[in-house]
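Structure data (PDB, C-alpha atoms) from entry_35.pdb:
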ATOM      1  CA  MET A   1     -50.609 -56.477  99.734  1.00  0.00           C
ATOM      2  CA  PHE A   2     -52.939 -53.851 101.109  1.00  0.00           C
ATOM      3  CA  ASP A   3     -56.716 -53.567 100.996  1.00  0.00           C
ATOM      4  CA  PRO A   4     -57.454 -50.995  98.269  1.00  0.00           C
ATOM      5  CA  LYS A   5     -59.596 -48.016  99.260  1.00  0.00           C
ATOM      6  CA  ILE A   6     -62.296 -47.448  96.657  1.00  0.00           C
ATOM      7  CA  CYS A   7     -64.213 -44.182  96.769  1.00  0.00           C
ATOM      8  CA  ILE A   8     -67.871 -44.381  95.839  1.00  0.00           C
ATOM      9  CA  SER A   9     -69.005 -41.178  94.178  1.00  0.00           C
ATOM     10  CA  GLY A  10     -72.715 -40.792  93.572  1.00  0.00           C
ATOM     11  CA  ALA A  11     -75.800 -38.674  94.073  1.00  0.00           C
ATOM     12  CA  ALA A  12     -76.582 -37.945  97.706  1.00  0.00           C
ATOM     13  CA  ALA A  13     -80.120 -36.697  97.004  1.00  0.00           C
ATOM     14  CA  GLY A  14     -82.776 -36.190  94.366  1.00  0.00           C
ATOM     15  CA  VAL A  15     -83.901 -38.374  91.495  1.00  0.00           C
ATOM     16  CA  ALA A  16     -80.325 -39.394  90.630  1.00  0.00           C
ATOM     17  CA  SER A  17     -79.922 -40.710  94.168  1.00  0.00           C
ATOM     18  CA  GLN A  18     -83.096 -42.761  93.910  1.00  0.00           C
ATOM     19  CA  GLU A  19     -81.993 -44.138  90.533  1.00  0.00           C
ATOM     20  CA  GLY A  20     -78.618 -45.194  91.841  1.00  0.00           C
ATOM     21  CA  GLN A  21     -79.188 -46.509  95.368  1.00  0.00           C
ATOM     22  CA  ALA A  22     -79.670 -50.200  94.514  1.00  0.00           C
ATOM     23  CA  LEU A  23     -76.627 -50.035  92.252  1.00  0.00           C
ATOM     24  CA  GLY A  24     -74.634 -48.253  94.966  1.00  0.00           C
ATOM     25  CA  PHE A  25     -75.522 -51.029  97.401  1.00  0.00           C
ATOM     26  CA  ALA A  26     -74.374 -53.643  94.845  1.00  0.00           C
ATOM     27  CA  ILE A  27     -71.095 -51.807  94.186  1.00  0.00           C
ATOM     28  CA  GLY A  28     -70.345 -51.420  97.910  1.00  0.00           C
ATOM     29  CA  ARG A  29     -71.104 -55.079  98.517  1.00  0.00           C
ATOM     30  CA  GLU A  30     -68.874 -56.167  95.635  1.00  0.00           C
ATOM     31  CA  ILE A  31     -65.969 -54.008  96.790  1.00  0.00           C
ATOM     32  CA  ALA A  32     -66.125 -55.690 100.200  1.00  0.00           C
ATOM     33  CA  VAL A  33     -66.542 -59.192  98.741  1.00  0.00           C
ATOM     34  CA  GLN A  34     -63.585 -58.631  96.413  1.00  0.00           C
ATOM     35  CA  GLY A  35     -61.318 -57.380  99.209  1.00  0.00           C
ATOM     36  CA  GLY A  36     -61.563 -53.597  99.072  1.00  0.00           C
ATOM     37  CA  ILE A  37     -62.497 -50.908 101.571  1.00  0.00           C
ATOM     38  CA  VAL A  38     -65.391 -48.590 100.729  1.00  0.00           C
ATOM     39  CA  ILE A  39     -64.691 -44.920 101.333  1.00  0.00           C
ATOM     40  CA  THR A  40     -67.259 -42.172 100.837  1.00  0.00           C
ATOM     41  CA  GLY A  41     -68.042 -38.574 101.649  1.00  0.00           C
ATOM     42  CA  ALA A  42     -69.986 -39.824 104.711  1.00  0.00           C
ATOM     43  CA  THR A  43     -73.220 -38.675 103.121  1.00  0.00           C
ATOM     44  CA  THR A  44     -76.678 -39.904 102.132  1.00  0.00           C
ATOM     45  CA  GLY A  45     -78.009 -41.459  98.907  1.00  0.00           C
ATOM     46  CA  VAL A  46     -75.766 -43.602  96.718  1.00  0.00           C
ATOM     47  CA  PRO A  47     -72.663 -43.360  98.974  1.00  0.00           C
ATOM     48  CA  TYR A  48     -74.783 -44.330 101.983  1.00  0.00           C
ATOM     49  CA  ALA A  49     -76.223 -47.291 100.070  1.00  0.00           C
ATOM     50  CA  ALA A  50     -72.658 -48.333  99.197  1.00  0.00           C
ATOM     51  CA  VAL A  51     -71.571 -48.434 102.858  1.00  0.00           C
ATOM     52  CA  GLN A  52     -74.718 -50.412 103.661  1.00  0.00           C
ATOM     53  CA  GLY A  53     -73.798 -52.859 100.893  1.00  0.00           C
ATOM     54  CA  ALA A  54     -70.279 -53.249 102.236  1.00  0.00           C
ATOM     55  CA  LYS A  55     -71.540 -53.774 105.775  1.00  0.00           C
ATOM     56  CA  SER A  56     -74.055 -56.398 104.582  1.00  0.00           C
ATOM     57  CA  VAL A  57     -71.040 -58.677 104.018  1.00  0.00           C
ATOM     58  CA  HIS A  58     -69.006 -57.337 106.984  1.00  0.00           C
ATOM     59  CA  GLY A  59     -66.804 -55.100 104.833  1.00  0.00           C
ATOM     60  CA  GLN A  60     -64.827 -52.073 106.015  1.00  0.00           C
ATOM     61  CA  THR A  61     -66.082 -48.527 105.488  1.00  0.00           C
ATOM     62  CA  ILE A  62     -64.548 -45.105 106.023  1.00  0.00           C
ATOM     63  CA  GLY A  63     -66.322 -41.759 105.693  1.00  0.00           C
ATOM     64  CA  PHE A  64     -64.841 -38.305 105.128  1.00  0.00           C
ATOM     65  CA  SER A  65     -67.267 -35.696 106.414  1.00  0.00           C
ATOM     66  CA  PRO A  66     -67.400 -32.079 105.247  1.00  0.00           C
ATOM     67  CA  ALA A  67     -68.052 -31.109 108.898  1.00  0.00           C
ATOM     68  CA  HIS A  68     -65.664 -30.065 111.659  1.00  0.00           C
ATOM     69  CA  SER A  69     -67.265 -32.313 114.280  1.00  0.00           C
ATOM     70  CA  LEU A  70     -69.804 -35.009 114.911  1.00  0.00           C
ATOM     71  CA  LEU A  71     -72.274 -32.381 116.110  1.00  0.00           C
ATOM     72  CA  GLU A  72     -71.887 -30.364 112.915  1.00  0.00           C
ATOM     73  CA  HIS A  73     -72.016 -33.553 110.819  1.00  0.00           C
ATOM     74  CA  THR A  74     -75.351 -34.633 112.292  1.00  0.00           C
ATOM     75  CA  HIS A  75     -77.008 -31.243 112.904  1.00  0.00           C
ATOM     76  CA  LYS A  76     -75.767 -28.751 110.318  1.00  0.00           C
ATOM     77  CA  TYR A  77     -75.195 -31.177 107.439  1.00  0.00           C
ATOM     78  CA  ARG A  78     -77.763 -33.767 108.633  1.00  0.00           C
ATOM     79  CA  LEU A  79     -75.590 -36.687 107.569  1.00  0.00           C
ATOM     80  CA  PRO A  80     -75.648 -40.280 108.846  1.00  0.00           C
ATOM     81  CA  VAL A  81     -73.065 -41.928 111.070  1.00  0.00           C
ATOM     82  CA  ASP A  82     -74.208 -45.550 111.038  1.00  0.00           C
ATOM     83  CA  TYR A  83     -72.574 -48.159 108.784  1.00  0.00           C
ATOM     84  CA  HIS A  84     -69.221 -46.352 108.985  1.00  0.00           C
ATOM     85  CA  ASP A  85     -66.310 -47.915 110.833  1.00  0.00           C
ATOM     86  CA  ILE A  86     -64.540 -44.559 110.956  1.00  0.00           C
ATOM     87  CA  ILE A  87     -65.595 -41.025 110.061  1.00  0.00           C
ATOM     88  CA  PHE A  88     -62.957 -38.333 109.652  1.00  0.00           C
ATOM     89  CA  PHE A  89     -64.301 -34.826 110.214  1.00  0.00           C
ATOM     90  CA  THR A  90     -62.367 -32.753 107.684  1.00  0.00           C
ATOM     91  CA  GLY A  91     -63.910 -29.326 108.272  1.00  0.00           C
ATOM     92  CA  TYR A  92     -63.362 -28.593 104.573  1.00  0.00           C
ATOM     93  CA  ASP A  93     -67.034 -28.293 103.496  1.00  0.00           C
ATOM     94  CA  TYR A  94     -68.031 -30.284 100.421  1.00  0.00           C
ATOM     95  CA  ALA A  95     -65.545 -29.140  97.770  1.00  0.00           C
ATOM     96  CA  GLY A  96     -62.488 -29.429 100.020  1.00  0.00           C
ATOM     97  CA  ARG A  97     -63.671 -32.738 101.406  1.00  0.00           C
ATOM     98  CA  ASP A  98     -64.025 -34.054  97.843  1.00  0.00           C
ATOM     99  CA  VAL A  99     -60.387 -33.304  97.032  1.00  0.00           C
ATOM    100  CA  LEU A 100     -59.144 -35.001 100.205  1.00  0.00           C
ATOM    101  CA  LEU A 101     -61.425 -37.991  99.596  1.00  0.00           C
ATOM    102  CA  ILE A 102     -60.159 -38.440  96.032  1.00  0.00           C
ATOM    103  CA  ASP A 103     -56.526 -37.998  97.046  1.00  0.00           C
ATOM    104  CA  LEU A 104     -56.810 -40.710  99.712  1.00  0.00           C
ATOM    105  CA  ALA A 105     -58.610 -43.179  97.427  1.00  0.00           C
ATOM    106  CA  ASP A 106     -56.775 -45.800  95.402  1.00  0.00           C
ATOM    107  CA  ALA A 107     -59.567 -45.604  92.805  1.00  0.00           C
ATOM    108  CA  VAL A 108     -63.007 -44.037  92.375  1.00  0.00           C
ATOM    109  CA  ILE A 109     -66.262 -45.577  91.160  1.00  0.00           C
ATOM    110  CA  MET A 110     -69.028 -43.238  90.002  1.00  0.00           C
ATOM    111  CA  VAL A 111     -72.634 -44.410  90.290  1.00  0.00           C
ATOM    112  CA  SER A 112     -75.366 -42.029  89.136  1.00  0.00           C
ATOM    113  CA  GLY A 113     -74.377 -38.578  90.303  1.00  0.00           C
ATOM    114  CA  ARG A 114     -75.103 -34.898  90.514  1.00  0.00           C
ATOM    115  CA  MET A 115     -72.832 -31.839  90.592  1.00  0.00           C
ATOM    116  CA  GLY A 116     -70.709 -33.054  93.529  1.00  0.00           C
ATOM    117  CA  SER A 117     -70.109 -36.383  91.789  1.00  0.00           C
ATOM    118  CA  LEU A 118     -69.037 -34.543  88.658  1.00  0.00           C
ATOM    119  CA  HIS A 119     -66.599 -32.540  90.809  1.00  0.00           C
ATOM    120  CA  GLU A 120     -65.215 -35.772  92.263  1.00  0.00           C
ATOM    121  CA  PHE A 121     -64.943 -37.300  88.782  1.00  0.00           C
ATOM    122  CA  SER A 122     -63.087 -34.246  87.432  1.00  0.00           C
ATOM    123  CA  THR A 123     -60.774 -34.167  90.437  1.00  0.00           C
ATOM    124  CA  ALA A 124     -59.997 -37.876  90.042  1.00  0.00           C
ATOM    125  CA  PHE A 125     -59.433 -37.472  86.290  1.00  0.00           C
ATOM    126  CA  GLU A 126     -57.028 -34.545  86.803  1.00  0.00           C
ATOM    127  CA  ARG A 127     -55.157 -36.514  89.484  1.00  0.00           C
ATOM    128  CA  HIS A 128     -54.810 -39.505  87.103  1.00  0.00           C
ATOM    129  CA  LYS A 129     -56.797 -41.828  89.339  1.00  0.00           C
ATOM    130  CA  ILE A 130     -58.327 -45.083  88.164  1.00  0.00           C
ATOM    131  CA  ILE A 131     -62.015 -44.305  87.730  1.00  0.00           C
ATOM    132  CA  GLY A 132     -64.811 -46.816  87.289  1.00  0.00           C
ATOM    133  CA  LEU A 133     -67.974 -45.516  85.662  1.00  0.00           C
ATOM    134  CA  LEU A 134     -71.078 -47.617  86.157  1.00  0.00           C
ATOM    135  CA  LEU A 135     -72.871 -47.179  82.862  1.00  0.00           C
ATOM    136  CA  HIS A 136     -76.644 -46.704  82.795  1.00  0.00           C
ATOM    137  CA  SER A 137     -76.753 -45.809  86.492  1.00  0.00           C
ATOM    138  CA  GLY A 138     -78.589 -42.501  86.057  1.00  0.00           C
ATOM    139  CA  GLY A 139     -77.866 -38.907  86.899  1.00  0.00           C
ATOM    140  CA  LEU A 140     -74.860 -37.074  85.503  1.00  0.00           C
ATOM    141  CA  SER A 141     -72.951 -40.331  85.062  1.00  0.00           C
ATOM    142  CA  GLU A 142     -74.946 -40.666  81.834  1.00  0.00           C
ATOM    143  CA  LEU A 143     -73.126 -37.588  80.489  1.00  0.00           C
ATOM    144  CA  VAL A 144     -69.568 -38.628  81.362  1.00  0.00           C
ATOM    145  CA  PRO A 145     -68.817 -40.497  78.099  1.00  0.00           C
ATOM    146  CA  GLU A 146     -69.899 -37.394  76.142  1.00  0.00           C
ATOM    147  CA  ILE A 147     -67.920 -35.094  78.460  1.00  0.00           C
ATOM    148  CA  LEU A 148     -64.814 -37.198  77.868  1.00  0.00           C
ATOM    149  CA  GLU A 149     -65.362 -37.067  74.123  1.00  0.00           C
ATOM    150  CA  GLN A 150     -65.938 -33.303  74.073  1.00  0.00           C
ATOM    151  CA  ALA A 151     -62.947 -32.597  76.328  1.00  0.00           C
ATOM    152  CA  HIS A 152     -60.547 -34.051  73.721  1.00  0.00           C
ATOM    153  CA  ARG A 153     -58.181 -35.352  76.414  1.00  0.00           C
ATOM    154  CA  GLY A 154     -58.728 -39.076  76.002  1.00  0.00           C
ATOM    155  CA  ASN A 155     -60.335 -41.367  78.542  1.00  0.00           C
ATOM    156  CA  GLY A 156     -57.533 -41.169  81.081  1.00  0.00           C
ATOM    157  CA  ARG A 157     -57.772 -44.143  83.414  1.00  0.00           C
ATOM    158  CA  VAL A 158     -61.562 -44.471  83.122  1.00  0.00           C
ATOM    159  CA  ILE A 159     -63.019 -47.975  83.029  1.00  0.00           C
ATOM    160  CA  MET A 160     -66.653 -48.205  81.936  1.00  0.00           C
ATOM    161  CA  HIS A 161     -68.969 -51.156  82.478  1.00  0.00           C
ATOM    162  CA  ALA A 162     -72.688 -51.648  83.062  1.00  0.00           C
ATOM    163  CA  GLU A 163     -72.470 -54.577  85.508  1.00  0.00           C
ATOM    164  CA  PRO A 164     -71.451 -53.779  89.126  1.00  0.00           C
ATOM    165  CA  LYS A 165     -69.572 -57.018  89.866  1.00  0.00           C
ATOM    166  CA  GLU A 166     -67.505 -56.822  86.678  1.00  0.00           C
ATOM    167  CA  LEU A 167     -66.796 -53.099  87.077  1.00  0.00           C
ATOM    168  CA  VAL A 168     -65.454 -53.681  90.601  1.00  0.00           C
ATOM    169  CA  ARG A 169     -63.325 -56.591  89.348  1.00  0.00           C
ATOM    170  CA  LEU A 170     -61.850 -54.446  86.554  1.00  0.00           C
ATOM    171  CA  VAL A 171     -61.149 -51.497  88.863  1.00  0.00           C
ATOM    172  CA  LEU A 172     -59.489 -53.666  91.531  1.00  0.00           C
ATOM    173  CA  ALA A 173     -57.415 -55.440  88.851  1.00  0.00           C
ATOM    174  CA  ALA A 174     -56.244 -52.063  87.534  1.00  0.00           C
ATOM    175  CA  VAL A 175     -55.276 -50.948  91.060  1.00  0.00           C
ATOM    176  CA  GLU A 176     -53.358 -54.172  91.580  1.00  0.00           C
ATOM    177  CA  GLU A 177     -51.651 -54.003  88.189  1.00  0.00           C
ATOM    178  CA  HIS A 178     -50.813 -50.307  88.063  1.00  0.00           C
ATOM    179  CA  GLY A 179     -50.916 -49.370  91.714  1.00  0.00           C
ATOM    180  CA  ALA A 180     -52.787 -46.494  93.194  1.00  0.00           C
ATOM    181  CA  SER A 181     -52.043 -43.051  91.873  1.00  0.00           C
TER     182      SER A 181
END

Output the file's structure in the form of structure tokens.
Amino acid sequence: MFDPKICISGAAAGVASQEGQALGFAIGREIAVQGGIVITGATTGVPYAAVQGAKSVHGQTIGFSPAHSLLEHTHKYRLPVDYHDIIFFTGYDYAGRDVLLIDLADAVIMVSGRMGSLHEFSTAFERHKIIGLLLHSGGLSELVPEILEQAHRGNGRVIMHAEPKELVRLVLAAVEEHGAS
């Protein structure tokens, strides 16, 4: 068996980031405790809190930066490097990085969120990924159930739960049962 790579999608800034940081930390910690690897867009806010959570229990973390290089990552984008075991510098800016990040993930968990998180959610949905949605976590994640209803395409492989530990358990069980997509 392999260690599943779970992408944490969430607000990197703003009010939605503040709302979701403690929950992001809890999700990252739970992924590590339950045997997964946390992968993120190597950014601030909720994803950063998730890598901190994973590292608090000695979990593994991988970041996918929108930048071409470490210098661009830290100076142009002003993104952190600590708490990551590995950072891949994609050079694809945010939208391209999101697609690569989702493609390399075995599943995605959305906590809070802004426009970039909605892009990651949509990309994961279209690629038939297992998606965990942490209910009541703020930001645009609050709109996802309504978006799914209005889209008239079903819920895909979306798992919704309000408790971080249980959401991670359900997502990892789905990855184990159905495999990564």

Quick one: residues within 9 Å of His68 (chain A), only C-alpha atoms counted, chain neighbours fewer than 3 positions away excluded, as a JSON list (two decimals) with C-alpha atoms, in the coordinates of the input?
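Once written, selection-v4.json looks like this:
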[["chain", "number", "residue", "atom", "x", "y", "z"],
["A", 65, "SER", "CA", -67.27, -35.70, 106.41],
["A", 71, "LEU", "CA", -72.27, -32.38, 116.11],
["A", 72, "GLU", "CA", -71.89, -30.36, 112.92],
["A", 73, "HIS", "CA", -72.02, -33.55, 110.82],
["A", 88, "PHE", "CA", -62.96, -38.33, 109.65],
["A", 89, "PHE", "CA", -64.30, -34.83, 110.21],
["A", 90, "THR", "CA", -62.37, -32.75, 107.68],
["A", 91, "GLY", "CA", -63.91, -29.33, 108.27],
["A", 92, "TYR", "CA", -63.36, -28.59, 104.57],
["A", 93, "ASP", "CA", -67.03, -28.29, 103.50]]

Which polymer residues have any atom within 9 Å of an atom of Phe25 (chain A), counting only C-alpha atoms, with same-chain residues fewer than 4 positions away left out, as a count of residues only? 13

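Minimum atom-to-atom distance to Asp106 (chain A), evaluated using only C-alpha atoms, belongs to A:Leu172 out of A:Tyr77, A:Val15, A:His58, A:Leu172.
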
Min atom-atom distance to His161 (chain A) from the set A:Val108, A:Ile147, A:Lys55, A:Leu135, counting all atoms listed in the file, belongs to A:Leu135

Starting from the displayed file, determine the output of the PyMOL selection byres ((chain A and resi 136) around 9) and express the residue list as a PyMOL selection string.
chain A and resi 111-112+134-135+137-139+141-142+161-162

Step by step, work through what the PyMOL selection byres ((chain A and resi 59) around 12) selects in the shown file, and finish by giving those residues as a VMD selection string. chain A and resid 3 5 27 to 39 50 to 58 60 to 62 83 to 85

What does the file look like for those residues with C-alpha atoms, as an mmCIF file, in the coordinates of the input?
data_model
loop_
_atom_site.group_PDB
_atom_site.id
_atom_site.type_symbol
_atom_site.label_atom_id
_atom_site.label_comp_id
_atom_site.auth_asym_id
_atom_site.auth_seq_id
_atom_site.Cartn_x
_atom_site.Cartn_y
_atom_site.Cartn_z
ATOM 1 C CA ASP A 3 -56.716 -53.567 100.996
ATOM 2 C CA LYS A 5 -59.596 -48.016 99.260
ATOM 3 C CA ILE A 27 -71.095 -51.807 94.186
ATOM 4 C CA GLY A 28 -70.345 -51.420 97.910
ATOM 5 C CA ARG A 29 -71.104 -55.079 98.517
ATOM 6 C CA GLU A 30 -68.874 -56.167 95.635
ATOM 7 C CA ILE A 31 -65.969 -54.008 96.790
ATOM 8 C CA ALA A 32 -66.125 -55.690 100.200
ATOM 9 C CA VAL A 33 -66.542 -59.192 98.741
ATOM 10 C CA GLN A 34 -63.585 -58.631 96.413
ATOM 11 C CA GLY A 35 -61.318 -57.380 99.209
ATOM 12 C CA GLY A 36 -61.563 -53.597 99.072
ATOM 13 C CA ILE A 37 -62.497 -50.908 101.571
ATOM 14 C CA VAL A 38 -65.391 -48.590 100.729
ATOM 15 C CA ILE A 39 -64.691 -44.920 101.333
ATOM 16 C CA ALA A 50 -72.658 -48.333 99.197
ATOM 17 C CA VAL A 51 -71.571 -48.434 102.858
ATOM 18 C CA GLN A 52 -74.718 -50.412 103.661
ATOM 19 C CA GLY A 53 -73.798 -52.859 100.893
ATOM 20 C CA ALA A 54 -70.279 -53.249 102.236
ATOM 21 C CA LYS A 55 -71.540 -53.774 105.775
ATOM 22 C CA SER A 56 -74.055 -56.398 104.582
ATOM 23 C CA VAL A 57 -71.040 -58.677 104.018
ATOM 24 C CA HIS A 58 -69.006 -57.337 106.984
ATOM 25 C CA GLN A 60 -64.827 -52.073 106.015
ATOM 26 C CA THR A 61 -66.082 -48.527 105.488
ATOM 27 C CA ILE A 62 -64.548 -45.105 106.023
ATOM 28 C CA TYR A 83 -72.574 -48.159 108.784
ATOM 29 C CA HIS A 84 -69.221 -46.352 108.985
ATOM 30 C CA ASP A 85 -66.310 -47.915 110.833
#

Judged by all atoms listed in the file, the minimum distance to Met115 (chain A) among A:Leu140, A:Ala13, A:Ala67, A:Leu133 is found for A:Leu140

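CA of Ser9 (chain A) lies 21.5 Å from CA of Lys76 (chain A).
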
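Take the candidates A:Gly132, A:Ala105, A:Leu70, A:Phe125 and check each one against Lys165 (chain A) using all atoms listed in the file; the shortest distance goes to A:Gly132.
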
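Distances here use only C-alpha atoms; by that measure, the residue among A:Met110, A:Asp98, A:Arg157, A:Thr43 closest to Gly179 (chain A) is A:Arg157.
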